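Take a look at the structure below.
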Amino acid sequence: MGFSEVAGQGPAYRARNFPLILIATAILSMQMPILIAISALAGSYLAPHPTMATVPLALQMFGNFLFATPISLFMGRFGRQKGILLGVVLSIIGSLLCVYALYANQFVVLLAGHVLLGIATAAYTFMRFAASDSASERWKPMAISLSMSMGLLSAFLGPSLVGVVKDFGGVIPFIGSYLALAGVAVVGALPVLGLRLPPASKKGQQATGFAESLKVLRRPAVWSATACAGLSFGFMTMQMSPTPLAMEYCGFSVGQSSDVIRWHLVAMFGPSFVTGYIIRRIGTNTVMVLGLLMLSGAGVVGAFSSELWAFYVALILLGIGWNFGFIGASSRLVEVVAPQDAPLAQGANDAVVALVSAVCALSTGILFGTVGWAWLSLSALPLLLVLALWLVVSGVRGRQFGYA
């Protein structure tokens with residue numbers, strides 16, 4: 001189904017498809033916390049050198065970055081449903097490749113499996129736009145926000161599933177976890193198959209050429225939304241990843257750091273139940289600015305105190321800031337991009353987010369080991385504040401001249 005087809009659908013269409021999209025999002029989102037929990041461990045088990053343990057996760061992110069735009073363009077031509085199902089198929093194949101890699105002790109095969117899992121993850125990230133497609137114009141921010149709230153459920157169920165299946169492979173570790181990934185993909189495909197979407201329309205698909213569509217990426221409203229999404233995701237990754245290690249250096253226990261991360265996850269996804277309503281009340285631009293300011297606050301608190309309360313406050317601010325910044329940016333992108341340009345703009349947005357996240361994930365260890373936790377926490381502060389200032393100025397000018 002083409003994105004522009006959604007506008008003509010009535011309440012019956014939305015009432016049927018939106019709950020199915022939320023269910024599919026909750027299930028398929030479980031794959032990410034599972035991958036975070038096992039990818040470095042599986043890499044360490046098979047890698048020829050300990051320094052290569054995180055290569056599977058890095059290649060997974062690279063696959064996400066490289067294929068985000070092609071997946072979005074595929075969805076623009078053949079529909080969201082087929083794009084998500086393509087991700088399901090790739091996820092199953094990638095998971096089974098990883099199982100084979102563990103049995104055969106083949107590190108290269110493990111890497112290939114994680115590349116496919118990264119591409120599948122790229123497909124799943126567009127579920128928030130599928131939710132937006134299935135809502136009326138007024139409720140699009142709420143739809144994106146509610147779809148993101150499903151991450152709260154998956155953040156707790158995914159790691160729990162790893163604990164249940166961890167011994168399935170006997171003496172070979174992680175077999176059960178990768179089989180669980182394939183099982184999650186199969187179960188998640190069921191609500192996607194239940195969607196009832198009209199056939200993709202060929203009408204108007206050639207109205208805008210590819211070169212002409214590229215111009216949309218140069219619009220300030222588009223690149224500022226993409227920058228906000230990328231910075232929100234990137235800085236969240238950069239400060240969250242070394243938190244357990246920083247807390248260990250400060251003398252805190254694993255249980256205390258786990259509780260901090262747990263509340264961070266709650267702060268990331270919990271506000272999603274109301275973020276869409278807040279966007280409707282004060283606008284996407286204001287919510288994006290608030291998100292960037294909270295991310296800045298997280299960095300400042302993390303830099304200037306190493307007390308237990310500071311870790312809690314910093315990580316909770318980090319989670320809420322990510323939520324406002326990322327959901328606000330996604331909603332802004334829906335607002336300012338015409339349906340015929342949406343595949344390219346949304347694909348480019350998610351490619352930038354994946355690239356920034358990959359760079360931040362790879363640089364976190366270097367920054368933490370060289371400049372320390374405090375300077376790492378402050379590393380993105382100038383960018384966050386400059387972008388927030390730009391959004392404030394552009395928002396004021398937009399209201400003044402009527403083009404916000």
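Residues in the structure tokens are named by chain (A, B, ... in the order shown) and by number from 1 within that chain; ligands are numbered from 1 in the order shown.
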(request) Determine, counting only C-alpha atoms, which protein, DNA and RNA residues have an atom within 7 Å of an atom of region 225-232 of chain A; residues of the same chain fewer than 5 positions away are not included. Present the result as a count of residues only. (result) 10
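Using only C-alpha atoms, the protein and nucleic acid residues lying no more than 7 Å from region 108-113 of chain A, apart from those fewer than 5 places from it along its own chain, are A:Pro56, A:Leu59, A:Gly94, A:Ser95, A:Leu97, A:Cys98, A:Ala101.
Distance-wise, CA of Met150 (chain A) and CA of Leu28 (chain A) end up 9.8 Å apart.
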(request) Measure the distance from CA of Asp341 (chain A) to CA of Asn323 (chain A) in Å and round it to one decimal. (result) 25.0 Å
(request) Identify which of the residues A:Val337, A:Val171, A:Ile119, A:Ile327 lies closest to Met148 (chain A), counting only C-alpha atoms when measuring atom-to-atom distances. (result) A:Ile327
(message) At a cut-off of 12 Å, using only C-alpha atoms, what residues contact Tyr249 (chain A)? Leave out same-chain residues fewer than 2 positions from it and give the result as JSON, numbers by chain.
(response) {"A": [242, 243, 244, 245, 246, 247, 251, 252, 253, 254, 257, 306, 307, 368, 369, 372, 373]}
(request) Considering only C-alpha atoms, return as a PyMOL selection string whatever protein or nucleic-acid residues lie within 9 Å of Leu102 (chain A), sequence-local ones (same chain, fewer than 5 positions apart) excluded. (result) chain A and resi 42+45-46+97+107+109-110+172-175
(request) Name the closest residue to Ser154 (chain A) among the candidates A:Ser379, A:Ser331, A:Ser29, A:Thr370; distances are taken between atoms, counting only C-alpha atoms. (result)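 Ranking A:Ser379, A:Ser331, A:Ser29, A:Thr370 by distance to Ser154 (chain A), first place goes to A:Ser29.
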Region 97-276 of chain A: which residues are helix (DSSP H, G or I) by DSSP, as a CSV table (one decimal) with N, CA and C atoms, in the first residue's frame?
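As a result, part.csv now contains:
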chain,number,residue,atom,x,y,z
A,97,LEU,N,21.3,-18.6,11.0
A,97,LEU,CA,22.7,-18.5,10.6
A,97,LEU,C,23.6,-18.4,11.9
A,98,CYS,N,23.1,-17.6,12.8
A,98,CYS,CA,23.8,-17.5,14.1
A,98,CYS,C,23.9,-18.8,14.9
A,99,VAL,N,22.8,-19.5,14.8
A,99,VAL,CA,22.7,-20.9,15.5
A,99,VAL,C,23.8,-21.8,14.8
A,100,TYR,N,23.8,-21.8,13.5
A,100,TYR,CA,24.7,-22.6,12.8
A,100,TYR,C,26.2,-22.2,13.1
A,101,ALA,N,26.4,-20.9,13.2
A,101,ALA,CA,27.7,-20.4,13.5
A,101,ALA,C,28.2,-20.9,14.8
A,102,LEU,N,27.3,-20.9,15.8
A,102,LEU,CA,27.7,-21.4,17.1
A,102,LEU,C,28.0,-22.9,17.1
A,103,TYR,N,27.2,-23.7,16.4
A,103,TYR,CA,27.5,-25.1,16.3
A,103,TYR,C,28.8,-25.4,15.5
A,104,ALA,N,29.0,-24.6,14.5
A,104,ALA,CA,30.2,-24.9,13.6
A,104,ALA,C,31.4,-24.1,14.0
A,107,PHE,N,33.0,-17.7,13.1
A,107,PHE,CA,32.8,-16.3,13.5
A,107,PHE,C,32.2,-15.5,12.3
A,108,VAL,N,32.7,-15.8,11.1
A,108,VAL,CA,32.3,-15.1,9.9
A,108,VAL,C,30.8,-15.3,9.7
A,109,VAL,N,30.3,-16.5,9.9
A,109,VAL,CA,28.9,-16.8,9.7
A,109,VAL,C,28.1,-16.0,10.8
A,110,LEU,N,28.6,-15.9,12.0
A,110,LEU,CA,27.9,-15.1,13.0
A,110,LEU,C,27.8,-13.7,12.6
A,111,LEU,N,28.8,-13.2,11.9
A,111,LEU,CA,28.8,-11.8,11.5
A,111,LEU,C,27.7,-11.6,10.4
A,112,ALA,N,27.7,-12.6,9.5
A,112,ALA,CA,26.6,-12.5,8.4
A,112,ALA,C,25.2,-12.6,9.0
A,113,GLY,N,25.0,-13.4,10.0
A,113,GLY,CA,23.7,-13.5,10.6
A,113,GLY,C,23.3,-12.1,11.3
A,114,HIS,N,24.3,-11.5,11.9
A,114,HIS,CA,24.0,-10.2,12.5
A,114,HIS,C,23.7,-9.1,11.5
A,115,VAL,N,24.4,-9.1,10.4
A,115,VAL,CA,24.1,-8.2,9.3
A,115,VAL,C,22.6,-8.3,8.9
A,116,LEU,N,22.2,-9.5,8.7
A,116,LEU,CA,20.7,-9.8,8.3
A,116,LEU,C,19.8,-9.3,9.4
A,117,LEU,N,20.2,-9.6,10.7
A,117,LEU,CA,19.4,-9.1,11.8
A,117,LEU,C,19.3,-7.6,11.9
A,118,GLY,N,20.4,-6.9,11.5
A,118,GLY,CA,20.4,-5.5,11.4
A,118,GLY,C,19.4,-4.9,10.4
A,119,ILE,N,19.4,-5.6,9.2
A,119,ILE,CA,18.5,-5.2,8.2
A,119,ILE,C,17.0,-5.4,8.6
A,120,ALA,N,16.8,-6.5,9.3
A,120,ALA,CA,15.5,-6.8,9.8
A,120,ALA,C,15.1,-5.7,10.8
A,121,THR,N,16.0,-5.3,11.7
A,121,THR,CA,15.7,-4.3,12.7
A,121,THR,C,15.4,-3.0,12.0
A,122,ALA,N,16.0,-2.7,10.8
A,122,ALA,CA,15.7,-1.5,10.1
A,122,ALA,C,14.2,-1.5,9.6
A,123,ALA,N,13.8,-2.7,9.2
A,123,ALA,CA,12.4,-2.8,8.8
A,123,ALA,C,11.4,-2.6,10.0
A,124,TYR,N,11.8,-3.1,11.1
A,124,TYR,CA,10.9,-3.0,12.3
A,124,TYR,C,10.8,-1.6,12.8
A,127,MET,N,7.7,0.6,12.0
A,127,MET,CA,6.4,0.3,12.6
A,127,MET,C,5.8,1.6,13.2
A,128,ARG,N,6.6,2.5,13.7
A,128,ARG,CA,6.0,3.7,14.2
A,128,ARG,C,5.4,4.6,13.1
A,129,PHE,N,5.9,4.5,11.9
A,129,PHE,CA,5.3,5.2,10.8
A,129,PHE,C,4.1,4.5,10.3
A,130,ALA,N,4.1,3.1,10.4
A,130,ALA,CA,2.9,2.4,10.1
A,130,ALA,C,1.7,2.7,11.0
A,131,ALA,N,2.1,2.9,12.3
A,131,ALA,CA,1.0,3.3,13.2
A,131,ALA,C,0.5,4.7,12.8
A,132,SER,N,1.4,5.6,12.4
A,132,SER,CA,1.0,6.9,12.0
A,132,SER,C,0.1,6.9,10.7
A,133,ASP,N,0.4,6.0,9.8
A,133,ASP,CA,-0.4,5.8,8.6
A,133,ASP,C,-1.8,5.4,8.9
A,137,GLU,N,-5.3,12.5,10.8
A,137,GLU,CA,-4.3,13.5,10.9
A,137,GLU,C,-4.1,14.0,12.3
A,138,ARG,N,-5.2,14.2,13.0
A,138,ARG,CA,-5.1,14.8,14.3
A,138,ARG,C,-4.4,13.8,15.3
A,139,TRP,N,-4.6,12.5,15.1
A,139,TRP,CA,-4.1,11.5,16.0
A,139,TRP,C,-2.8,10.9,15.7
A,140,LYS,N,-2.1,11.4,14.6
A,140,LYS,CA,-0.8,10.8,14.2
A,140,LYS,C,0.2,10.8,15.3
A,141,PRO,N,0.4,12.0,16.0
A,141,PRO,CA,1.4,12.0,17.1
A,141,PRO,C,1.1,10.9,18.2
A,142,MET,N,-0.2,10.8,18.5
A,142,MET,CA,-0.6,9.8,19.5
A,142,MET,C,-0.3,8.4,19.0
A,143,ALA,N,-0.5,8.2,17.7
A,143,ALA,CA,-0.2,6.8,17.2
A,143,ALA,C,1.2,6.5,17.3
A,144,ILE,N,2.1,7.4,16.9
A,144,ILE,CA,3.5,7.2,17.0
A,144,ILE,C,3.9,6.9,18.4
A,145,SER,N,3.4,7.8,19.3
A,145,SER,CA,3.7,7.7,20.7
A,145,SER,C,3.3,6.3,21.3
A,146,LEU,N,2.1,5.9,21.0
A,146,LEU,CA,1.6,4.6,21.6
A,146,LEU,C,2.4,3.5,21.0
A,147,SER,N,2.8,3.5,19.7
A,147,SER,CA,3.6,2.4,19.2
A,147,SER,C,4.9,2.3,19.9
A,148,MET,N,5.5,3.5,20.2
A,148,MET,CA,6.8,3.5,20.9
A,148,MET,C,6.6,3.0,22.4
A,149,SER,N,5.4,3.1,22.9
A,149,SER,CA,5.2,2.7,24.3
A,149,SER,C,5.3,1.2,24.4
A,150,MET,N,5.1,0.5,23.3
A,150,MET,CA,5.2,-1.0,23.3
A,150,MET,C,6.7,-1.4,23.6
A,151,GLY,N,7.6,-0.5,23.5
A,151,GLY,CA,9.0,-0.8,23.8
A,151,GLY,C,9.1,-1.1,25.3
A,152,LEU,N,8.3,-0.5,26.2
A,152,LEU,CA,8.3,-0.7,27.6
A,152,LEU,C,8.1,-2.2,27.9
A,153,LEU,N,7.1,-2.8,27.2
A,153,LEU,CA,6.8,-4.2,27.4
A,153,LEU,C,7.9,-5.1,26.9
A,154,SER,N,8.4,-4.8,25.7
A,154,SER,CA,9.5,-5.6,25.1
A,154,SER,C,10.8,-5.5,25.9
A,155,ALA,N,11.0,-4.3,26.5
A,155,ALA,CA,12.3,-4.1,27.3
A,155,ALA,C,12.3,-5.1,28.5
A,156,PHE,N,11.2,-5.5,29.0
A,156,PHE,CA,11.2,-6.4,30.2
A,156,PHE,C,11.0,-7.8,29.7
A,157,LEU,N,10.2,-8.1,28.7
A,157,LEU,CA,10.0,-9.4,28.3
A,157,LEU,C,11.2,-10.0,27.5
A,158,GLY,N,11.9,-9.2,26.7
A,158,GLY,CA,13.0,-9.7,26.0
A,158,GLY,C,14.1,-10.3,26.9
A,159,PRO,N,14.7,-9.6,27.8
A,159,PRO,CA,15.7,-10.2,28.7
A,159,PRO,C,15.1,-11.4,29.5
A,160,SER,N,13.9,-11.3,29.9
A,160,SER,CA,13.3,-12.4,30.6
A,160,SER,C,13.3,-13.7,29.8
A,161,LEU,N,13.0,-13.5,28.5
A,161,LEU,CA,13.0,-14.7,27.6
A,161,LEU,C,14.4,-15.3,27.5
A,162,VAL,N,15.4,-14.4,27.4
A,162,VAL,CA,16.8,-14.9,27.4
A,162,VAL,C,17.1,-15.8,28.6
A,163,GLY,N,16.6,-15.4,29.8
A,163,GLY,CA,16.8,-16.2,31.0
A,163,GLY,C,16.1,-17.5,30.9
A,164,VAL,N,15.0,-17.6,30.3
A,164,VAL,CA,14.2,-18.8,30.2
A,164,VAL,C,14.9,-19.8,29.2
A,165,VAL,N,15.5,-19.4,28.1
A,165,VAL,CA,16.0,-20.3,27.1
A,165,VAL,C,17.5,-20.4,27.1
A,175,ILE,N,22.5,-20.7,22.0
A,175,ILE,CA,21.7,-21.3,21.0
A,175,ILE,C,20.2,-21.0,21.2
A,176,GLY,N,19.8,-21.2,22.4
A,176,GLY,CA,18.4,-20.9,22.8
A,176,GLY,C,18.0,-19.5,22.5
A,177,SER,N,18.9,-18.6,22.8
A,177,SER,CA,18.6,-17.2,22.6
A,177,SER,C,18.3,-16.8,21.1
A,178,TYR,N,19.2,-17.4,20.2
A,178,TYR,CA,19.0,-17.1,18.8
A,178,TYR,C,17.8,-17.8,18.3
A,179,LEU,N,17.5,-19.0,18.8
A,179,LEU,CA,16.3,-19.7,18.4
A,179,LEU,C,15.0,-18.9,18.9
A,180,ALA,N,15.2,-18.3,20.0
A,180,ALA,CA,14.1,-17.5,20.5
A,180,ALA,C,13.9,-16.3,19.6
A,181,LEU,N,15.0,-15.7,19.1
A,181,LEU,CA,14.8,-14.6,18.1
A,181,LEU,C,14.0,-15.0,16.9
A,182,ALA,N,14.3,-16.2,16.4
A,182,ALA,CA,13.5,-16.7,15.2
A,182,ALA,C,12.0,-16.9,15.6
A,183,GLY,N,11.8,-17.5,16.8
A,183,GLY,CA,10.5,-17.7,17.3
A,183,GLY,C,9.7,-16.4,17.5
A,184,VAL,N,10.3,-15.4,18.0
A,184,VAL,CA,9.7,-14.1,18.2
A,184,VAL,C,9.3,-13.5,16.8
A,185,ALA,N,10.2,-13.7,15.8
A,185,ALA,CA,9.8,-13.2,14.5
A,185,ALA,C,8.6,-13.9,13.9
A,186,VAL,N,8.5,-15.2,14.1
A,186,VAL,CA,7.4,-15.9,13.6
A,186,VAL,C,6.1,-15.5,14.3
A,187,VAL,N,6.1,-15.4,15.6
A,187,VAL,CA,4.9,-14.9,16.3
A,187,VAL,C,4.6,-13.5,16.0
A,188,GLY,N,5.6,-12.6,15.8
A,188,GLY,CA,5.3,-11.3,15.5
A,188,GLY,C,4.7,-11.1,14.1
A,189,ALA,N,5.0,-12.1,13.2
A,189,ALA,CA,4.4,-12.0,11.8
A,189,ALA,C,2.9,-12.2,11.8
A,190,LEU,N,2.4,-12.9,12.8
A,190,LEU,CA,1.0,-13.2,12.8
A,190,LEU,C,0.1,-12.0,12.8
A,191,PRO,N,0.2,-11.0,13.7
A,191,PRO,CA,-0.6,-9.8,13.6
A,191,PRO,C,-0.3,-9.0,12.3
A,192,VAL,N,0.9,-9.1,11.8
A,192,VAL,CA,1.2,-8.4,10.5
A,192,VAL,C,0.4,-9.0,9.4
A,193,LEU,N,0.3,-10.3,9.4
A,193,LEU,CA,-0.5,-11.0,8.3
A,193,LEU,C,-1.9,-10.7,8.5
A,210,PHE,N,13.2,10.7,-8.4
A,210,PHE,CA,14.1,10.4,-7.3
A,210,PHE,C,14.9,11.7,-7.0
A,211,ALA,N,15.5,12.2,-8.1
A,211,ALA,CA,16.3,13.4,-7.9
A,211,ALA,C,15.5,14.6,-7.3
A,212,GLU,N,14.3,14.7,-7.8
A,212,GLU,CA,13.4,15.8,-7.3
A,212,GLU,C,13.1,15.5,-5.8
A,213,SER,N,12.9,14.2,-5.4
A,213,SER,CA,12.6,13.9,-4.1
A,213,SER,C,13.7,14.2,-3.1
A,214,LEU,N,15.0,14.2,-3.6
A,214,LEU,CA,16.1,14.4,-2.8
A,214,LEU,C,16.1,15.9,-2.2
A,215,LYS,N,15.4,16.8,-2.9
A,215,LYS,CA,15.3,18.1,-2.4
A,215,LYS,C,14.6,18.3,-1.1
A,216,VAL,N,13.8,17.3,-0.8
A,216,VAL,CA,13.0,17.4,0.5
A,216,VAL,C,14.0,17.3,1.7
A,217,LEU,N,15.1,16.6,1.5
A,217,LEU,CA,16.1,16.4,2.6
A,217,LEU,C,16.8,17.7,2.9
A,218,ARG,N,16.8,18.7,2.0
A,218,ARG,CA,17.5,19.9,2.3
A,218,ARG,C,16.6,21.0,3.0
A,220,PRO,N,14.9,22.8,6.0
A,220,PRO,CA,15.3,22.9,7.4
A,220,PRO,C,14.5,22.1,8.3
A,221,ALA,N,13.2,22.1,8.1
A,221,ALA,CA,12.3,21.3,9.0
A,221,ALA,C,12.6,19.8,9.0
A,222,VAL,N,13.0,19.3,7.8
A,222,VAL,CA,13.4,17.9,7.7
A,222,VAL,C,14.7,17.6,8.3
A,223,TRP,N,15.7,18.3,7.9
A,223,TRP,CA,17.1,18.0,8.5
A,223,TRP,C,17.1,18.3,10.0
A,224,SER,N,16.4,19.2,10.5
A,224,SER,CA,16.5,19.5,11.9
A,224,SER,C,15.8,18.4,12.7
A,225,ALA,N,14.7,17.8,12.1
A,225,ALA,CA,14.0,16.7,12.7
A,225,ALA,C,14.9,15.5,12.7
A,226,THR,N,15.6,15.3,11.6
A,226,THR,CA,16.5,14.1,11.5
A,226,THR,C,17.7,14.3,12.4
A,227,ALA,N,18.2,15.5,12.5
A,227,ALA,CA,19.3,15.8,13.5
A,227,ALA,C,18.9,15.5,14.9
A,228,CYS,N,17.7,15.9,15.3
A,228,CYS,CA,17.2,15.7,16.6
A,228,CYS,C,17.0,14.2,16.9
A,229,ALA,N,16.5,13.5,16.0
A,229,ALA,CA,16.3,12.0,16.2
A,229,ALA,C,17.7,11.4,16.3
A,230,GLY,N,18.6,11.7,15.4
A,230,GLY,CA,20.0,11.1,15.5
A,230,GLY,C,20.7,11.5,16.8
A,231,LEU,N,20.7,12.7,17.2
A,231,LEU,CA,21.4,13.1,18.4
A,231,LEU,C,20.7,12.5,19.6
A,232,SER,N,19.4,12.4,19.6
A,232,SER,CA,18.7,11.8,20.8
A,232,SER,C,19.1,10.3,20.9
A,233,PHE,N,19.1,9.6,19.8
A,233,PHE,CA,19.5,8.2,19.9
A,233,PHE,C,20.9,8.0,20.2
A,234,GLY,N,21.8,8.8,19.5
A,234,GLY,CA,23.2,8.7,19.7
A,234,GLY,C,23.7,9.0,21.1
A,235,PHE,N,23.3,10.1,21.7
A,235,PHE,CA,23.7,10.5,23.0
A,235,PHE,C,23.1,9.5,24.0
A,236,MET,N,21.9,9.0,23.8
A,236,MET,CA,21.3,8.1,24.7
A,236,MET,C,22.2,6.8,24.8
A,237,THR,N,22.6,6.3,23.6
A,237,THR,CA,23.5,5.2,23.5
A,237,THR,C,24.8,5.4,24.2
A,238,MET,N,25.4,6.6,23.9
A,238,MET,CA,26.7,6.9,24.5
A,238,MET,C,26.7,7.0,26.0
A,239,GLN,N,25.7,7.5,26.6
A,239,GLN,CA,25.7,7.6,28.1
A,239,GLN,C,25.2,6.4,28.7
A,240,MET,N,24.2,5.7,28.1
A,240,MET,CA,23.7,4.5,28.7
A,240,MET,C,24.6,3.4,28.8
A,243,THR,N,27.3,3.1,31.6
A,243,THR,CA,26.8,3.4,33.0
A,243,THR,C,27.1,2.3,34.0
A,244,PRO,N,26.8,1.0,33.7
A,244,PRO,CA,27.2,-0.1,34.6
A,244,PRO,C,28.7,-0.1,35.0
A,245,LEU,N,29.5,0.2,34.0
A,245,LEU,CA,31.0,0.2,34.2
A,245,LEU,C,31.4,1.4,35.1
A,246,ALA,N,30.8,2.6,34.8
A,246,ALA,CA,31.1,3.8,35.6
A,246,ALA,C,30.6,3.6,37.0
A,247,MET,N,29.5,2.9,37.2
A,247,MET,CA,29.0,2.7,38.6
A,247,MET,C,29.9,1.7,39.3
A,248,GLU,N,30.4,0.7,38.6
A,248,GLU,CA,31.3,-0.2,39.2
A,248,GLU,C,32.5,0.5,39.7
A,249,TYR,N,33.1,1.4,38.9
A,249,TYR,CA,34.3,2.2,39.3
A,249,TYR,C,34.0,3.0,40.5
A,254,VAL,N,26.4,-4.5,41.2
A,254,VAL,CA,25.7,-4.9,39.9
A,254,VAL,C,24.2,-4.7,40.1
A,255,GLY,N,23.7,-5.0,41.3
A,255,GLY,CA,22.3,-4.9,41.5
A,255,GLY,C,21.8,-3.4,41.5
A,256,GLN,N,22.7,-2.5,42.0
A,256,GLN,CA,22.3,-1.1,41.9
A,256,GLN,C,22.4,-0.6,40.5
A,257,SER,N,23.4,-1.0,39.7
A,257,SER,CA,23.5,-0.5,38.3
A,257,SER,C,22.3,-1.1,37.5
A,258,SER,N,21.9,-2.3,37.8
A,258,SER,CA,20.8,-2.9,37.1
A,258,SER,C,19.5,-2.2,37.3
A,259,ASP,N,19.4,-1.7,38.6
A,259,ASP,CA,18.2,-1.0,38.9
A,259,ASP,C,18.1,0.4,38.3
A,260,VAL,N,19.3,1.0,38.1
A,260,VAL,CA,19.4,2.3,37.4
A,260,VAL,C,19.0,2.1,36.0
A,261,ILE,N,19.5,1.0,35.3
A,261,ILE,CA,19.2,0.8,33.9
A,261,ILE,C,17.7,0.5,33.8
A,262,ARG,N,17.1,-0.3,34.8
A,262,ARG,CA,15.7,-0.6,34.7
A,262,ARG,C,14.9,0.7,34.7
A,263,TRP,N,15.2,1.6,35.6
A,263,TRP,CA,14.4,2.9,35.6
A,263,TRP,C,14.7,3.7,34.4
A,264,HIS,N,15.9,3.6,33.8
A,264,HIS,CA,16.2,4.3,32.5
A,264,HIS,C,15.2,3.8,31.4
A,265,LEU,N,15.0,2.4,31.4
A,265,LEU,CA,14.1,1.9,30.4
A,265,LEU,C,12.7,2.3,30.6
A,266,VAL,N,12.3,2.4,31.9
A,266,VAL,CA,11.0,2.9,32.2
A,266,VAL,C,10.8,4.3,31.7
A,267,ALA,N,11.9,5.1,31.9
A,267,ALA,CA,11.8,6.5,31.5
A,267,ALA,C,11.8,6.7,30.0
A,268,MET,N,12.5,5.7,29.3
A,268,MET,CA,12.5,5.8,27.8
A,268,MET,C,11.1,5.5,27.2
A,269,PHE,N,10.4,4.5,27.7
A,269,PHE,CA,9.2,4.1,27.1
A,269,PHE,C,7.9,4.5,27.8
A,272,SER,N,5.7,7.4,26.7
A,272,SER,CA,5.1,7.3,25.4
A,272,SER,C,3.6,7.3,25.5
A,273,PHE,N,3.0,6.9,26.6
A,273,PHE,CA,1.6,6.9,26.8
A,273,PHE,C,1.0,8.3,26.7
A,274,VAL,N,1.8,9.3,27.0
A,274,VAL,CA,1.3,10.6,27.1
A,274,VAL,C,2.0,11.6,26.1
A,275,THR,N,3.2,11.2,25.6
A,275,THR,CA,4.0,12.1,24.7
A,275,THR,C,3.1,12.6,23.5
A,276,GLY,N,2.4,11.7,22.9
A,276,GLY,CA,1.5,12.2,21.8
A,276,GLY,C,0.5,13.2,22.2
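Comparing A:Ala342, A:Met294, A:Gly87, A:Phe304 by their smallest distance to Ile316 (chain A), the closest is A:Met294 (using only C-alpha atoms).
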(message) Nearest residue to Gln106 (chain A) out of A:Leu35, A:Ile84, A:Ala47, A:Ile27, using only C-alpha atoms?
(response)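 Among the listed residues, the smallest separation from Gln106 (chain A) belongs to A:Ala47.
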